[in-house]
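Asker: The structure file upload_31.cif (mmCIF, C-alpha atoms) is provided below.
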```
data_upload
loop_
_atom_site.group_PDB
_atom_site.id
_atom_site.type_symbol
_atom_site.label_atom_id
_atom_site.label_comp_id
_atom_site.auth_asym_id
_atom_site.auth_seq_id
_atom_site.Cartn_x
_atom_site.Cartn_y
_atom_site.Cartn_z
ATOM 1 C CA MET A 170 61.859 85.557 93.642
ATOM 2 C CA THR A 171 61.479 89.067 92.249
ATOM 3 C CA ILE A 172 63.265 90.261 89.099
ATOM 4 C CA ALA A 173 65.514 92.438 91.265
ATOM 5 C CA GLU A 174 66.436 89.414 93.407
ATOM 6 C CA VAL A 175 67.180 87.327 90.304
ATOM 7 C CA VAL A 176 69.419 90.086 88.889
ATOM 8 C CA GLU A 177 71.174 90.514 92.260
ATOM 9 C CA SER A 178 71.731 86.758 92.464
ATOM 10 C CA MET A 179 73.192 86.697 88.931
ATOM 11 C CA ASP A 180 75.460 89.662 89.716
ATOM 12 C CA ARG A 181 76.618 88.030 92.953
ATOM 13 C CA ASP A 182 77.335 84.727 91.241
ATOM 14 C CA ALA A 183 79.281 86.477 88.454
ATOM 15 C CA LEU A 184 81.327 88.472 90.972
ATOM 16 C CA ARG A 185 82.055 85.382 93.055
ATOM 17 C CA ALA A 186 83.132 83.456 89.963
ATOM 18 C CA ALA A 187 85.396 86.341 88.880
ATOM 19 C CA LEU A 188 86.963 86.482 92.354
ATOM 20 C CA GLY A 189 87.917 82.827 92.151
ATOM 21 C CA GLN A 190 89.845 81.854 95.269
ATOM 22 C CA ARG A 191 90.837 85.435 96.127
ATOM 23 C CA ALA A 192 89.800 87.256 99.283
ATOM 24 C CA VAL A 193 88.325 90.744 99.450
ATOM 25 C CA VAL A 194 90.472 92.429 102.102
ATOM 26 C CA LEU A 195 89.270 95.632 103.747
ATOM 27 C CA VAL A 196 91.997 97.972 104.993
ATOM 28 C CA GLY A 197 91.926 101.411 106.581
ATOM 29 C CA MET A 198 91.912 103.260 109.861
ATOM 30 C CA MET A 199 90.085 102.193 112.993
ATOM 31 C CA GLY A 200 86.530 103.430 112.717
ATOM 32 C CA SER A 201 86.450 103.355 108.915
ATOM 33 C CA GLY A 202 83.762 100.652 108.964
ATOM 34 C CA LYS A 203 85.786 97.620 107.902
ATOM 35 C CA SER A 204 83.897 95.169 110.113
ATOM 36 C CA SER A 205 80.418 96.625 109.581
ATOM 37 C CA VAL A 206 80.826 96.996 105.819
ATOM 38 C CA GLY A 207 82.696 93.696 105.610
ATOM 39 C CA ARG A 208 79.876 91.690 107.196
ATOM 40 C CA ARG A 209 77.320 93.180 104.820
ATOM 41 C CA LEU A 210 79.585 92.806 101.788
ATOM 42 C CA ALA A 211 80.226 89.156 102.630
ATOM 43 C CA GLY A 212 76.474 88.590 102.923
ATOM 44 C CA ARG A 213 75.855 90.180 99.535
ATOM 45 C CA LEU A 214 78.596 88.083 97.933
ATOM 46 C CA GLY A 215 77.539 84.903 99.729
ATOM 47 C CA LEU A 216 81.036 84.562 101.218
ATOM 48 C CA PRO A 217 82.244 84.005 104.774
ATOM 49 C CA PHE A 218 83.267 87.084 106.755
ATOM 50 C CA VAL A 219 86.303 87.066 109.051
ATOM 51 C CA ASP A 220 87.443 89.876 111.331
ATOM 52 C CA ALA A 221 91.217 89.580 111.761
ATOM 53 C CA ASP A 222 91.103 91.237 115.204
ATOM 54 C CA THR A 223 88.669 88.596 116.470
ATOM 55 C CA GLU A 224 90.901 85.836 115.080
ATOM 56 C CA ILE A 225 93.954 87.391 116.760
ATOM 57 C CA GLU A 226 92.132 87.549 120.097
ATOM 58 C CA THR A 227 91.106 83.900 119.732
ATOM 59 C CA ALA A 228 94.647 82.809 118.844
ATOM 60 C CA ALA A 229 96.173 84.778 121.744
ATOM 61 C CA GLY A 230 93.445 83.927 124.260
ATOM 62 C CA MET A 231 93.163 87.593 125.267
ATOM 63 C CA SER A 232 91.711 90.867 124.032
ATOM 64 C CA ILE A 233 93.692 93.251 121.838
ATOM 65 C CA PRO A 234 94.015 95.823 124.660
ATOM 66 C CA GLU A 235 95.379 93.003 126.866
ATOM 67 C CA ILE A 236 97.855 91.932 124.168
ATOM 68 C CA PHE A 237 99.089 95.524 123.844
ATOM 69 C CA ALA A 238 99.354 95.897 127.633
ATOM 70 C CA GLN A 239 101.041 92.554 128.338
ATOM 71 C CA ARG A 240 103.082 91.890 125.198
ATOM 72 C CA GLY A 241 103.436 95.252 123.460
ATOM 73 C CA GLU A 242 102.588 96.488 119.993
ATOM 74 C CA SER A 243 105.531 94.758 118.310
ATOM 75 C CA GLU A 244 104.417 91.283 119.422
ATOM 76 C CA PHE A 245 100.813 92.126 118.518
ATOM 77 C CA ARG A 246 101.876 93.150 114.986
ATOM 78 C CA ASP A 247 103.870 89.941 114.536
ATOM 79 C CA GLY A 248 100.866 87.842 115.551
ATOM 80 C CA GLU A 249 98.602 89.934 113.321
ATOM 81 C CA ARG A 250 100.868 89.269 110.321
ATOM 82 C CA ARG A 251 100.871 85.500 110.960
ATOM 83 C CA VAL A 252 97.098 85.306 111.501
ATOM 84 C CA ILE A 253 96.252 87.291 108.354
ATOM 85 C CA SER A 254 98.639 85.193 106.259
ATOM 86 C CA ARG A 255 97.084 81.979 107.582
ATOM 87 C CA ILE A 256 93.520 83.193 106.959
ATOM 88 C CA LEU A 257 94.324 84.206 103.379
ATOM 89 C CA ALA A 258 96.133 80.944 102.631
ATOM 90 C CA THR A 259 93.590 78.573 104.123
ATOM 91 C CA ARG A 260 90.136 80.183 104.135
ATOM 92 C CA ALA A 261 89.742 82.226 100.927
ATOM 93 C CA PRO A 262 87.540 83.107 99.200
ATOM 94 C CA LEU A 263 86.139 85.315 101.934
ATOM 95 C CA VAL A 264 85.782 88.933 103.012
ATOM 96 C CA LEU A 265 88.454 89.856 105.558
ATOM 97 C CA ALA A 266 88.447 92.970 107.749
ATOM 98 C CA THR A 267 91.945 93.818 108.958
ATOM 99 C CA GLY A 268 93.063 95.968 111.856
ATOM 100 C CA GLY A 269 94.054 99.567 111.140
ATOM 101 C CA GLY A 270 97.805 98.902 111.280
ATOM 102 C CA ALA A 271 97.880 95.556 109.481
ATOM 103 C CA TYR A 272 98.401 96.993 105.999
ATOM 104 C CA MET A 273 101.473 98.918 107.193
ATOM 105 C CA ASN A 274 103.412 95.637 107.235
ATOM 106 C CA ALA A 275 105.094 95.068 103.838
ATOM 107 C CA GLU A 276 104.857 91.280 104.168
ATOM 108 C CA THR A 277 101.122 91.504 104.891
ATOM 109 C CA ARG A 278 100.600 93.837 101.906
ATOM 110 C CA ALA A 279 102.450 91.386 99.657
ATOM 111 C CA ARG A 280 100.373 88.459 100.938
ATOM 112 C CA ILE A 281 97.144 90.407 100.373
ATOM 113 C CA ALA A 282 98.277 91.336 96.847
ATOM 114 C CA GLU A 283 99.076 87.683 96.144
ATOM 115 C CA LEU A 284 95.840 86.189 97.500
ATOM 116 C CA GLY A 285 93.285 88.978 97.485
ATOM 117 C CA ILE A 286 91.955 92.312 96.373
ATOM 118 C CA SER A 287 92.607 95.139 98.812
ATOM 119 C CA VAL A 288 89.902 97.742 99.430
ATOM 120 C CA TRP A 289 90.773 100.906 101.373
ATOM 121 C CA LEU A 290 87.836 102.361 103.279
ATOM 122 C CA LYS A 291 88.948 105.986 103.396
ATOM 123 C CA ALA A 292 87.385 108.321 105.953
ATOM 124 C CA GLU A 293 88.113 111.813 107.189
ATOM 125 C CA ALA A 294 89.559 112.288 110.684
ATOM 126 C CA ASP A 295 86.341 113.867 111.998
ATOM 127 C CA VAL A 296 84.263 110.885 110.838
ATOM 128 C CA LEU A 297 86.746 108.443 112.362
ATOM 129 C CA MET A 298 86.867 110.259 115.701
ATOM 130 C CA HIS A 299 83.076 110.420 115.882
ATOM 131 C CA ARG A 300 82.939 106.644 115.395
ATOM 132 C CA VAL A 301 85.813 105.577 117.663
ATOM 133 C CA ARG A 302 84.662 107.730 120.593
ATOM 134 C CA LYS A 303 81.813 105.236 121.035
ATOM 135 C CA ARG A 304 84.263 102.533 122.175
ATOM 136 C CA SER A 305 87.147 102.706 124.619
ATOM 137 C CA ASN A 306 89.021 99.605 123.393
ATOM 138 C CA ARG A 307 91.465 101.399 121.061
ATOM 139 C CA PRO A 308 94.948 101.003 122.604
ATOM 140 C CA LEU A 309 96.617 103.409 120.169
ATOM 141 C CA LEU A 310 94.219 106.198 121.158
ATOM 142 C CA GLN A 311 94.924 105.942 124.888
ATOM 143 C CA THR A 312 96.852 109.217 124.737
ATOM 144 C CA ALA A 313 96.482 112.711 126.183
ATOM 145 C CA ASP A 314 95.155 113.967 122.823
ATOM 146 C CA PRO A 315 93.415 111.147 120.916
ATOM 147 C CA GLU A 316 92.364 113.467 118.088
ATOM 148 C CA ALA A 317 95.943 114.619 117.453
ATOM 149 C CA THR A 318 97.043 110.981 117.593
ATOM 150 C CA MET A 319 94.393 110.050 115.025
ATOM 151 C CA ARG A 320 95.474 112.865 112.684
ATOM 152 C CA ARG A 321 99.155 111.866 113.005
ATOM 153 C CA MET A 322 98.341 108.218 112.288
ATOM 154 C CA LEU A 323 96.244 109.232 109.269
ATOM 155 C CA ALA A 324 99.106 111.307 107.871
ATOM 156 C CA GLU A 325 101.515 108.370 108.313
ATOM 157 C CA ARG A 326 99.211 105.649 107.029
ATOM 158 C CA GLU A 327 97.278 107.203 104.144
ATOM 159 C CA PRO A 328 100.179 106.953 101.642
ATOM 160 C CA VAL A 329 100.377 103.215 102.389
ATOM 161 C CA TYR A 330 96.602 102.682 102.319
ATOM 162 C CA ALA A 331 96.649 104.402 98.908
ATOM 163 C CA LEU A 332 98.534 101.354 97.576
ATOM 164 C CA ALA A 333 95.317 99.300 97.870
ATOM 165 C CA ASP A 334 93.692 98.021 94.690
ATOM 166 C CA LEU A 335 90.496 99.990 95.349
ATOM 167 C CA THR A 336 89.611 103.081 97.371
ATOM 168 C CA LEU A 337 86.112 103.703 98.720
ATOM 169 C CA ILE A 338 84.967 106.719 100.676
ATOM 170 C CA SER A 339 83.520 105.740 104.048
ATOM 171 C CA ARG A 340 81.155 108.488 105.095
ATOM 172 C CA ASP A 341 78.225 108.815 107.433
ATOM 173 C CA ASP A 342 75.848 107.179 104.971
ATOM 174 C CA PRO A 343 74.196 103.873 105.821
ATOM 175 C CA HIS A 344 76.706 101.022 105.511
ATOM 176 C CA ASP A 345 74.623 99.527 102.721
ATOM 177 C CA VAL A 346 75.493 102.537 100.526
ATOM 178 C CA VAL A 347 79.214 101.789 101.003
ATOM 179 C CA VAL A 348 78.517 98.108 100.279
ATOM 180 C CA GLU A 349 76.871 99.064 96.972
ATOM 181 C CA ASP A 350 79.913 101.226 96.179
ATOM 182 C CA ALA A 351 82.177 98.277 97.021
ATOM 183 C CA LEU A 352 80.257 95.885 94.783
ATOM 184 C CA ALA A 353 80.395 98.339 91.871
ATOM 185 C CA ALA A 354 84.119 98.985 92.409
ATOM 186 C CA LEU A 355 84.867 95.248 92.595
ATOM 187 C CA ASP A 356 82.907 94.686 89.400
ATOM 188 C CA ARG A 357 84.859 97.431 87.573
ATOM 189 C CA HIS A 358 88.188 96.172 88.941
ATOM 190 C CA LEU A 359 87.543 92.554 88.006
ATOM 191 C CA ARG A 360 86.442 93.562 84.518
ATOM 192 C CA SER A 361 89.487 95.807 84.016
ATOM 193 C CA THR A 362 91.830 92.985 85.045
ATOM 194 C CA GLY A 363 90.176 90.494 82.693
ATOM 195 C CA SER A 364 88.722 88.330 85.474
ATOM 196 C CA PHE A 365 85.251 88.316 83.864
#
```
Mind converting the file's structure to structure tokens?

Answerer:
Amino acid sequence: MTIAEVVESMDRDALRAALGQRAVVLVGMMGSGKSSVGRRLAGRLGLPFVDADTEIETAAGMSIPEIFAQRGESEFRDGERRVISRILATRAPLVLATGGGAYMNAETRARIAELGISVWLKAEADVLMHRVRKRSNRPLLQTADPEATMRRMLAEREPVYALADLTLISRDDPHDVVVEDALAALDRHLRSTGSF
């Protein structure tokens, strides 16, 4: 093991110990990198990674676009709230990537505050649109003007996302750069709250 690997291992172990039984919960718009960054962050921390959308699909037995089409957004949001609450209560510590609208629910925000540390991956509309255009499975963007829809959603959601414990800028750098930023921000946050 190299010196760098030993130091990284010590840092990881210290961060994990400071986290205790709390989850690191990634919030933000679709396309902000919650799943990609979350997987890498979990690996660096030696914690399990869970994608809430995948868990919701498993629980419902259908894809998110199918849930939206067959049951509507309201029923999807109710299921999302229940699934996230269950994951936080029974599987922490872990890194959890939430769907873009999950943090809008006051009950979900309270549960995250109680059992985790929220991290907002903040990205500009142009960056988000560039990323989400690669996939057609975004029910909320199935509109005549997806870019206008994205900008409207950003305007509505950013004040709520800003309530998160930490804010990281998600840009078109390699995901590992954002992971390093996340580790440093978590370290600062845990130290400032007396967890170390």

Asker: Check what the PyMOL selection byres ((chain A and resi 278-287) around 8) selects in the file above and give those residues as a PyMOL selection string.

Answerer: chain A and resi 190-196+254+257-258+272-277+288-289+333-335

Asker: Take the selection from the previous step and output its residues with C-alpha atoms, as a PDB file, in the frame of the given file.

Answerer:
```pdb
ATOM      1  CA  GLN A 190      89.845  81.854  95.269  1.00  0.00           C
ATOM      2  CA  ARG A 191      90.837  85.435  96.127  1.00  0.00           C
ATOM      3  CA  ALA A 192      89.800  87.256  99.283  1.00  0.00           C
ATOM      4  CA  VAL A 193      88.325  90.744  99.450  1.00  0.00           C
ATOM      5  CA  VAL A 194      90.472  92.429 102.102  1.00  0.00           C
ATOM      6  CA  LEU A 195      89.270  95.632 103.747  1.00  0.00           C
ATOM      7  CA  VAL A 196      91.997  97.972 104.993  1.00  0.00           C
ATOM      8  CA  SER A 254      98.639  85.193 106.259  1.00  0.00           C
ATOM      9  CA  LEU A 257      94.324  84.206 103.379  1.00  0.00           C
ATOM     10  CA  ALA A 258      96.133  80.944 102.631  1.00  0.00           C
ATOM     11  CA  TYR A 272      98.401  96.993 105.999  1.00  0.00           C
ATOM     12  CA  MET A 273     101.473  98.918 107.193  1.00  0.00           C
ATOM     13  CA  ASN A 274     103.412  95.637 107.235  1.00  0.00           C
ATOM     14  CA  ALA A 275     105.094  95.068 103.838  1.00  0.00           C
ATOM     15  CA  GLU A 276     104.857  91.280 104.168  1.00  0.00           C
ATOM     16  CA  THR A 277     101.122  91.504 104.891  1.00  0.00           C
ATOM     17  CA  VAL A 288      89.902  97.742  99.430  1.00  0.00           C
ATOM     18  CA  TRP A 289      90.773 100.906 101.373  1.00  0.00           C
ATOM     19  CA  ALA A 333      95.317  99.300  97.870  1.00  0.00           C
ATOM     20  CA  ASP A 334      93.692  98.021  94.690  1.00  0.00           C
ATOM     21  CA  LEU A 335      90.496  99.990  95.349  1.00  0.00           C
TER      22      LEU A 335
END
```

Asker: Around all of stretch 329-337 of chain A's listed atoms, make the axis-aligned box with 6 Å on each side and tell me centre and edge lengths in Å to one decimal, as AutoDock Vina command-line options.

Answerer:
```
--center_x 93.2 --center_y 101.2 --center_z 98.5 --size_x 26.3 --size_y 18.4 --size_z 19.7
```

Asker: Enumerate, as JSON, numbers by chain, the residues matched when the PyMOL selection byres ((chain A and resi 200) around 12) is run on the file above.

Answerer: {"A": [196, 197, 198, 199, 201, 202, 203, 204, 205, 206, 266, 267, 268, 269, 290, 291, 292, 293, 294, 295, 296, 297, 298, 299, 300, 301, 302, 303, 304, 305, 306, 307, 310, 319, 323, 339, 340, 341]}

Asker: In Å, rounded to a single decimal, give me how far atom CA of A:Gly207 is from atom CA of A:Glu244.

Answerer: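 Distance reported for this atom pair: 25.9 Å.
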
Asker: Taking a cut-off of 6 Å and counting all atoms listed in the file, can you build a table that, for each residue of stretch 250-361 of chain A near stretch 209-217 of chain A, reports the nearest atom pair and how far apart they are in Å (one decimal), sorted by chain then residue number, as a Markdown table?

Answerer:
```
| residue | atom | partner | partner_atom | distance |
| --- | --- | --- | --- | --- |
| A:Leu263 | CA | A:Pro217 | CA | 5.0 |
| A:Val264 | CA | A:Ala211 | CA | 5.6 |
| A:Val348 | CA | A:Leu210 | CA | 5.6 |
```

Asker: With distances taken over all atoms listed in the file, which of A:Glu349, A:Leu355, A:Glu325, A:Ser361 is nearest to A:Leu188?

Answerer: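 Going through A:Glu349, A:Leu355, A:Glu325, A:Ser361 one by one, the smallest distance to A:Leu188 is for A:Leu355.
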
Asker: Just give me the gap between atom CA of A:Ala353 and atom CA of A:Phe218 in Å, one decimal is fine.

Answerer: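 Taking atom CA of A:Ala353 and atom CA of A:Phe218, their separation equals 18.9 Å.
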
Asker: Which residue gives the smallest distance to A:Met322 among A:Gly270, A:Arg246, A:Ile253, A:Met231, with all atoms listed in the file counted?

Answerer: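 Among the listed residues, A:Gly270 lies closest to A:Met322.
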
Asker: I'd like the residues picked by the PyMOL selection byres ((chain A and resi 363-365) around 8) written out as a CSV table (one decimal) with C-alpha atoms, in the coordinates of the input, using the chain letters and numbers from the file.

Answerer:
```
chain,number,residue,atom,x,y,z
A,183,ALA,CA,79.3,86.5,88.5
A,187,ALA,CA,85.4,86.3,88.9
A,188,LEU,CA,87.0,86.5,92.4
A,359,LEU,CA,87.5,92.6,88.0
A,360,ARG,CA,86.4,93.6,84.5
A,361,SER,CA,89.5,95.8,84.0
A,362,THR,CA,91.8,93.0,85.0
```

Asker: Quick test: take stretch 318-331 of chain A, keep all heavy atoms, and write it as a PDB file, in the first residue's frame.

Answerer:
```pdb
ATOM      1  N   THR A 318     -39.120  24.150 -19.706  1.00  0.00           N
ATOM      2  CA  THR A 318     -39.589  23.378 -18.547  1.00  0.00           C
ATOM      3  C   THR A 318     -38.468  23.227 -17.531  1.00  0.00           C
ATOM      4  O   THR A 318     -38.686  23.407 -16.326  1.00  0.00           O
ATOM      5  CB  THR A 318     -40.103  21.993 -19.000  1.00  0.00           C
ATOM      6  OG1 THR A 318     -41.158  22.184 -19.952  1.00  0.00           O
ATOM      7  CG2 THR A 318     -40.597  21.176 -17.831  1.00  0.00           C
ATOM      8  N   MET A 319     -37.269  22.906 -17.999  1.00  0.00           N
ATOM      9  CA  MET A 319     -36.122  22.764 -17.105  1.00  0.00           C
ATOM     10  C   MET A 319     -35.848  24.072 -16.372  1.00  0.00           C
ATOM     11  O   MET A 319     -35.635  24.085 -15.151  1.00  0.00           O
ATOM     12  CB  MET A 319     -34.882  22.327 -17.898  1.00  0.00           C
ATOM     13  CG  MET A 319     -33.598  22.283 -17.078  1.00  0.00           C
ATOM     14  SD  MET A 319     -33.562  20.946 -15.874  1.00  0.00           S
ATOM     15  CE  MET A 319     -33.111  19.575 -16.937  1.00  0.00           C
ATOM     16  N   ARG A 320     -35.860  25.178 -17.082  1.00  0.00           N
ATOM     17  CA  ARG A 320     -35.580  26.487 -16.457  1.00  0.00           C
ATOM     18  C   ARG A 320     -36.658  26.848 -15.422  1.00  0.00           C
ATOM     19  O   ARG A 320     -36.352  27.378 -14.354  1.00  0.00           O
ATOM     20  CB  ARG A 320     -35.445  27.572 -17.524  1.00  0.00           C
ATOM     21  CG  ARG A 320     -34.172  27.406 -18.346  1.00  0.00           C
ATOM     22  CD  ARG A 320     -33.937  28.538 -19.340  1.00  0.00           C
ATOM     23  NE  ARG A 320     -32.828  28.235 -20.209  1.00  0.00           N
ATOM     24  CZ  ARG A 320     -31.538  28.297 -19.857  1.00  0.00           C
ATOM     25  NH1 ARG A 320     -31.207  28.655 -18.642  1.00  0.00           N
ATOM     26  NH2 ARG A 320     -30.588  27.996 -20.722  1.00  0.00           N
ATOM     27  N   ARG A 321     -37.913  26.538 -15.725  1.00  0.00           N
ATOM     28  CA  ARG A 321     -39.004  26.803 -14.776  1.00  0.00           C
ATOM     29  C   ARG A 321     -38.829  25.952 -13.520  1.00  0.00           C
ATOM     30  O   ARG A 321     -38.946  26.435 -12.392  1.00  0.00           O
ATOM     31  CB  ARG A 321     -40.361  26.516 -15.429  1.00  0.00           C
ATOM     32  CG  ARG A 321     -41.558  26.754 -14.484  1.00  0.00           C
ATOM     33  CD  ARG A 321     -42.877  26.298 -15.093  1.00  0.00           C
ATOM     34  NE  ARG A 321     -42.887  24.961 -15.650  1.00  0.00           N
ATOM     35  CZ  ARG A 321     -42.926  23.835 -14.937  1.00  0.00           C
ATOM     36  NH1 ARG A 321     -42.924  23.869 -13.625  1.00  0.00           N
ATOM     37  NH2 ARG A 321     -42.952  22.655 -15.546  1.00  0.00           N
ATOM     38  N   MET A 322     -38.522  24.664 -13.719  1.00  0.00           N
ATOM     39  CA  MET A 322     -38.325  23.775 -12.572  1.00  0.00           C
ATOM     40  C   MET A 322     -37.140  24.234 -11.721  1.00  0.00           C
ATOM     41  O   MET A 322     -37.212  24.203 -10.485  1.00  0.00           O
ATOM     42  CB  MET A 322     -38.118  22.328 -13.059  1.00  0.00           C
ATOM     43  CG  MET A 322     -39.395  21.697 -13.572  1.00  0.00           C
ATOM     44  SD  MET A 322     -39.169  20.105 -14.421  1.00  0.00           S
ATOM     45  CE  MET A 322     -38.065  19.232 -13.381  1.00  0.00           C
ATOM     46  N   LEU A 323     -36.069  24.656 -12.375  1.00  0.00           N
ATOM     47  CA  LEU A 323     -34.902  25.170 -11.634  1.00  0.00           C
ATOM     48  C   LEU A 323     -35.299  26.367 -10.777  1.00  0.00           C
ATOM     49  O   LEU A 323     -34.930  26.442  -9.597  1.00  0.00           O
ATOM     50  CB  LEU A 323     -33.802  25.588 -12.607  1.00  0.00           C
ATOM     51  CG  LEU A 323     -32.689  24.602 -12.898  1.00  0.00           C
ATOM     52  CD1 LEU A 323     -31.772  25.150 -13.976  1.00  0.00           C
ATOM     53  CD2 LEU A 323     -31.913  24.256 -11.661  1.00  0.00           C
ATOM     54  N   ALA A 324     -36.027  27.296 -11.362  1.00  0.00           N
ATOM     55  CA  ALA A 324     -36.440  28.496 -10.625  1.00  0.00           C
ATOM     56  C   ALA A 324     -37.288  28.128  -9.412  1.00  0.00           C
ATOM     57  O   ALA A 324     -37.149  28.730  -8.341  1.00  0.00           O
ATOM     58  CB  ALA A 324     -37.199  29.437 -11.549  1.00  0.00           C
ATOM     59  N   GLU A 325     -38.165  27.130  -9.565  1.00  0.00           N
ATOM     60  CA  GLU A 325     -39.035  26.699  -8.468  1.00  0.00           C
ATOM     61  C   GLU A 325     -38.257  25.936  -7.396  1.00  0.00           C
ATOM     62  O   GLU A 325     -38.508  26.096  -6.203  1.00  0.00           O
ATOM     63  CB  GLU A 325     -40.150  25.789  -8.998  1.00  0.00           C
ATOM     64  CG  GLU A 325     -41.159  26.487  -9.867  1.00  0.00           C
ATOM     65  CD  GLU A 325     -42.085  25.504 -10.580  1.00  0.00           C
ATOM     66  OE1 GLU A 325     -41.929  24.265 -10.416  1.00  0.00           O
ATOM     67  OE2 GLU A 325     -42.970  25.969 -11.325  1.00  0.00           O
ATOM     68  N   ARG A 326     -37.336  25.090  -7.822  1.00  0.00           N
ATOM     69  CA  ARG A 326     -36.695  24.164  -6.897  1.00  0.00           C
ATOM     70  C   ARG A 326     -35.440  24.688  -6.219  1.00  0.00           C
ATOM     71  O   ARG A 326     -35.122  24.267  -5.108  1.00  0.00           O
ATOM     72  CB  ARG A 326     -36.363  22.860  -7.631  1.00  0.00           C
ATOM     73  CG  ARG A 326     -37.602  22.081  -8.045  1.00  0.00           C
ATOM     74  CD  ARG A 326     -37.232  20.832  -8.787  1.00  0.00           C
ATOM     75  NE  ARG A 326     -38.405  20.028  -9.112  1.00  0.00           N
ATOM     76  CZ  ARG A 326     -38.350  18.843  -9.679  1.00  0.00           C
ATOM     77  NH1 ARG A 326     -37.164  18.318 -10.002  1.00  0.00           N
ATOM     78  NH2 ARG A 326     -39.448  18.171  -9.932  1.00  0.00           N
ATOM     79  N   GLU A 327     -34.701  25.581  -6.869  1.00  0.00           N
ATOM     80  CA  GLU A 327     -33.425  26.011  -6.289  1.00  0.00           C
ATOM     81  C   GLU A 327     -33.548  26.587  -4.878  1.00  0.00           C
ATOM     82  O   GLU A 327     -32.704  26.293  -4.037  1.00  0.00           O
ATOM     83  CB  GLU A 327     -32.692  26.970  -7.233  1.00  0.00           C
ATOM     84  CG  GLU A 327     -32.013  26.205  -8.358  1.00  0.00           C
ATOM     85  CD  GLU A 327     -30.989  27.026  -9.129  1.00  0.00           C
ATOM     86  OE1 GLU A 327     -31.104  28.270  -9.168  1.00  0.00           O
ATOM     87  OE2 GLU A 327     -30.067  26.407  -9.680  1.00  0.00           O
ATOM     88  N   PRO A 328     -34.581  27.387  -4.562  1.00  0.00           N
ATOM     89  CA  PRO A 328     -34.683  27.878  -3.179  1.00  0.00           C
ATOM     90  C   PRO A 328     -34.831  26.747  -2.154  1.00  0.00           C
ATOM     91  O   PRO A 328     -34.368  26.874  -1.021  1.00  0.00           O
ATOM     92  CB  PRO A 328     -35.926  28.774  -3.203  1.00  0.00           C
ATOM     93  CG  PRO A 328     -36.079  29.179  -4.634  1.00  0.00           C
ATOM     94  CD  PRO A 328     -35.596  27.990  -5.427  1.00  0.00           C
ATOM     95  N   VAL A 329     -35.462  25.651  -2.555  1.00  0.00           N
ATOM     96  CA  VAL A 329     -35.617  24.508  -1.650  1.00  0.00           C
ATOM     97  C   VAL A 329     -34.314  23.713  -1.577  1.00  0.00           C
ATOM     98  O   VAL A 329     -33.859  23.340  -0.494  1.00  0.00           O
ATOM     99  CB  VAL A 329     -36.804  23.617  -2.084  1.00  0.00           C
ATOM    100  CG1 VAL A 329     -36.944  22.409  -1.163  1.00  0.00           C
ATOM    101  CG2 VAL A 329     -38.093  24.432  -2.103  1.00  0.00           C
ATOM    102  N   TYR A 330     -33.687  23.460  -2.734  1.00  0.00           N
ATOM    103  CA  TYR A 330     -32.397  22.773  -2.727  1.00  0.00           C
ATOM    104  C   TYR A 330     -31.385  23.521  -1.863  1.00  0.00           C
ATOM    105  O   TYR A 330     -30.529  22.919  -1.221  1.00  0.00           O
ATOM    106  CB  TYR A 330     -31.819  22.658  -4.141  1.00  0.00           C
ATOM    107  CG  TYR A 330     -32.537  21.735  -5.091  1.00  0.00           C
ATOM    108  CD1 TYR A 330     -32.585  22.036  -6.444  1.00  0.00           C
ATOM    109  CD2 TYR A 330     -33.159  20.558  -4.670  1.00  0.00           C
ATOM    110  CE1 TYR A 330     -33.209  21.210  -7.360  1.00  0.00           C
ATOM    111  CE2 TYR A 330     -33.794  19.723  -5.573  1.00  0.00           C
ATOM    112  CZ  TYR A 330     -33.818  20.049  -6.915  1.00  0.00           C
ATOM    113  OH  TYR A 330     -34.441  19.221  -7.808  1.00  0.00           O
ATOM    114  N   ALA A 331     -31.490  24.854  -1.836  1.00  0.00           N
ATOM    115  CA  ALA A 331     -30.544  25.672  -1.069  1.00  0.00           C
ATOM    116  C   ALA A 331     -30.639  25.414   0.431  1.00  0.00           C
ATOM    117  O   ALA A 331     -29.747  25.817   1.184  1.00  0.00           O
ATOM    118  CB  ALA A 331     -30.771  27.154  -1.372  1.00  0.00           C
TER     119      ALA A 331
END
```
